Amino acid sequence: MNSVESAVKTKVCISVDVEPSVAGAFANPSRFKPLLAEPVEGKVNGRSEALGFLLRTLREMDLRATFFVETLHPAYFGEEPMRRYVEDLLEANQDVELHVHPCWLTFRNGRPDLSAFVSDECADHPEERLVEILSRGKAQLKRWTGHEPVGFRSGGFSVNRAVYSAMRRVGLRASSNICLAYTPPSEDALRLAGGVHAIEDVFEFPVTCFRDPGRIGRSRMRGLQITACARWELRELINAAWQQGQSYVVIVTHPFEFVKRDSDQYTKMAVNKVNQQRFRWLCSYLAANTDRFEVVTLAELAQREPERLNERPAELSGKITSSVARSVQNVLNDHIWAL
């Protein structure tokens, strides 16, 4: 172990996007309706196995995560359905920050107005419109929490420089808007796989991504996400980040990842035991290895002077054996309801 490894802790931010689902309402509004309780609460046999599972696990391990709560969906659902989940987050002392999916602004009087469809891509909107959207989202979140958010994540990781300019103008200091594995930004300067970077006076902490070898010739970027990584990969990759002196690791998940569903309408649900085991293992591992890792929230990072600002992200790569084993596990988990 070199001196850098022994002296520097890698700060790990567990981030969770809490959001309803359009659930096919744009494609077939007469047949399908948006859903909130199912993807957020995920109640199975009378117990929440989605958000509730996350909060039980974090409480057990004495850890805090950052929950990016979507704030434009009251255009369809109204304010009250999400309020009780936000209250659960606050009661559990979790960090609640801003998340927006602009497509929710398409809804009028309980139905989507497809003649005035609002793009869900933040990068599609001009800066002045983004200022309006973010201001609306901030005001909604403050009504739920009683305080101003400091952090932001754009829906679908859609981002460009105008998003950061709008963030600065509305007083948002930190973000985790970039995930190369999901939505690579069109601007080369924003194609960042990790670390911390100053963009338009906003501190950006991208979701940590790695090169997945996959099948021969099928190498691609993959994010540190519970559905995307088996626990042995998570262990290998966060330790590789620490060994390379990476200051920050951002992991992403969603409540709905911890339940299985038969369709986008969630007519049948079951516990996703594989994903729950992965998350429990991750939290347990981080809690047991505080000599290497410090679990932090985005709000805490926004208050600190960033370490190694604009550092080159660690070049993380998975192993072929780990990738194949995870792929097999994921396929079995997707097709065998009882797992």
# chains A, B, ... in the order shown; residues from 1 in each chain; ligands from 1
>>> select_by_dssp(residues="range 14-263 of chain A", states="strand (DSSP E or B)", output="ChimeraX atom specification")
/A:14-18,21,35,43-44,47-48,66-70,95-100,107-108,111-112,151-154,174-175,197-199,202-204,209-212,220-223,225,248-253,259-261
>>> write_last_selection(atoms="C-alpha atoms", output="PDB file, in the first residue's frame")
ATOM      1  CA  ILE A  14     -25.037   6.984  -2.194  1.00  0.00           C
ATOM      2  CA  SER A  15     -27.627   8.764  -4.345  1.00  0.00           C
ATOM      3  CA  VAL A  16     -31.246   7.725  -4.819  1.00  0.00           C
ATOM      4  CA  ASP A  17     -33.648   9.156  -7.410  1.00  0.00           C
ATOM      5  CA  VAL A  18     -37.176   9.173  -5.968  1.00  0.00           C
ATOM      6  CA  SER A  21     -43.521   6.698 -13.316  1.00  0.00           C
ATOM      7  CA  LEU A  35     -48.051   5.652 -10.832  1.00  0.00           C
ATOM      8  CA  LYS A  43     -45.430  -2.310  -0.942  1.00  0.00           C
ATOM      9  CA  VAL A  44     -45.199  -6.126  -0.921  1.00  0.00           C
ATOM     10  CA  ARG A  47     -44.411  -3.663   3.807  1.00  0.00           C
ATOM     11  CA  SER A  48     -42.513  -1.092   1.743  1.00  0.00           C
ATOM     12  CA  THR A  66     -28.813  11.793  -0.819  1.00  0.00           C
ATOM     13  CA  PHE A  67     -32.365  11.396  -2.105  1.00  0.00           C
ATOM     14  CA  PHE A  68     -33.094  13.412  -5.243  1.00  0.00           C
ATOM     15  CA  VAL A  69     -36.875  13.896  -5.099  1.00  0.00           C
ATOM     16  CA  GLU A  70     -38.717  14.677  -8.324  1.00  0.00           C
ATOM     17  CA  ASP A  95     -30.443  14.405   2.663  1.00  0.00           C
ATOM     18  CA  VAL A  96     -33.272  15.559   0.356  1.00  0.00           C
ATOM     19  CA  GLU A  97     -32.266  17.397  -2.818  1.00  0.00           C
ATOM     20  CA  LEU A  98     -33.846  18.538  -6.076  1.00  0.00           C
ATOM     21  CA  HIS A  99     -34.698  16.366  -9.074  1.00  0.00           C
ATOM     22  CA  VAL A 100     -36.816  17.339 -12.083  1.00  0.00           C
ATOM     23  CA  PHE A 107     -50.070  17.121 -17.902  1.00  0.00           C
ATOM     24  CA  ARG A 108     -53.123  19.388 -17.747  1.00  0.00           C
ATOM     25  CA  ARG A 111     -54.380  14.183 -18.659  1.00  0.00           C
ATOM     26  CA  PRO A 112     -51.349  14.639 -20.884  1.00  0.00           C
ATOM     27  CA  GLY A 151     -28.092  20.117  -4.774  1.00  0.00           C
ATOM     28  CA  PHE A 152     -29.629  18.965  -8.034  1.00  0.00           C
ATOM     29  CA  ARG A 153     -29.835  16.053 -10.458  1.00  0.00           C
ATOM     30  CA  SER A 154     -31.383  16.471 -13.885  1.00  0.00           C
ATOM     31  CA  ALA A 174     -23.713  21.206  -6.228  1.00  0.00           C
ATOM     32  CA  SER A 175     -24.980  18.552  -8.618  1.00  0.00           C
ATOM     33  CA  HIS A 197     -15.449  19.541 -11.391  1.00  0.00           C
ATOM     34  CA  ALA A 198     -16.294  23.248 -11.341  1.00  0.00           C
ATOM     35  CA  ILE A 199     -18.774  24.039 -14.122  1.00  0.00           C
ATOM     36  CA  VAL A 202     -21.290  24.755  -9.665  1.00  0.00           C
ATOM     37  CA  PHE A 203     -19.537  21.716  -8.192  1.00  0.00           C
ATOM     38  CA  GLU A 204     -20.401  18.667 -10.297  1.00  0.00           C
ATOM     39  CA  CYS A 209     -18.561   5.008 -14.312  1.00  0.00           C
ATOM     40  CA  PHE A 210     -16.286   2.179 -15.355  1.00  0.00           C
ATOM     41  CA  ARG A 211     -15.349   0.320 -18.497  1.00  0.00           C
ATOM     42  CA  ASP A 212     -17.272  -2.944 -18.580  1.00  0.00           C
ATOM     43  CA  ARG A 220     -18.925  -0.095 -22.911  1.00  0.00           C
ATOM     44  CA  MET A 221     -19.289   2.318 -20.028  1.00  0.00           C
ATOM     45  CA  ARG A 222     -21.348   1.219 -17.052  1.00  0.00           C
ATOM     46  CA  GLY A 223     -22.379   3.209 -13.999  1.00  0.00           C
ATOM     47  CA  GLN A 225     -25.659   1.314  -9.949  1.00  0.00           C
ATOM     48  CA  TYR A 248     -15.137  10.846  -4.739  1.00  0.00           C
ATOM     49  CA  VAL A 249     -17.346   7.948  -5.747  1.00  0.00           C
ATOM     50  CA  VAL A 250     -21.035   8.475  -6.549  1.00  0.00           C
ATOM     51  CA  ILE A 251     -23.350   5.455  -6.621  1.00  0.00           C
ATOM     52  CA  VAL A 252     -26.882   5.712  -8.033  1.00  0.00           C
ATOM     53  CA  THR A 253     -30.049   3.734  -7.400  1.00  0.00           C
ATOM     54  CA  VAL A 259     -38.977  -4.715  -6.186  1.00  0.00           C
ATOM     55  CA  LYS A 260     -39.775  -6.901  -9.148  1.00  0.00           C
ATOM     56  CA  ARG A 261     -42.759  -6.036 -11.302  1.00  0.00           C
TER      57      ARG A 261
END
>>> select_by_dssp(residues="range 50-206 of chain A", states="helix (DSSP H, G or I)", output="number ranges by chain")
A: 51-61, 74-77, 80-91, 102-106, 114-116, 122-124, 127-145, 155-157, 161-170, 188-190
>>> closest_residue(among="A:Ser323, A:Thr183, A:Gln140, A:Asn330", to="Asn275 in chain A", atoms="only C-alpha atoms")
A:Asn330
>>> closest_residue(among="A:Asp88, A:Arg278, A:Gly42, A:Ser263", to="Ala23 in chain A", atoms="only C-alpha atoms")
A:Ser263
>>> closest_residue(among="A:Val86, A:Val8, A:Ala37, A:Ile226", to="Gln265 in chain A", atoms="only C-alpha atoms")
A:Ala37
>>> closest_residue(among="A:Asn93, A:Asn28, A:Gln246, A:Thr290", to="Arg59 in chain A", atoms="only C-alpha atoms")
A:Asn93
>>> residues_around(residues="Lys319 in chain A", least_positions_apart="6", cutoff="9 Å", atoms="only C-alpha atoms", output="list in words")
Asp212, Pro213, Gly214, Glu233 and Glu236 of chain A
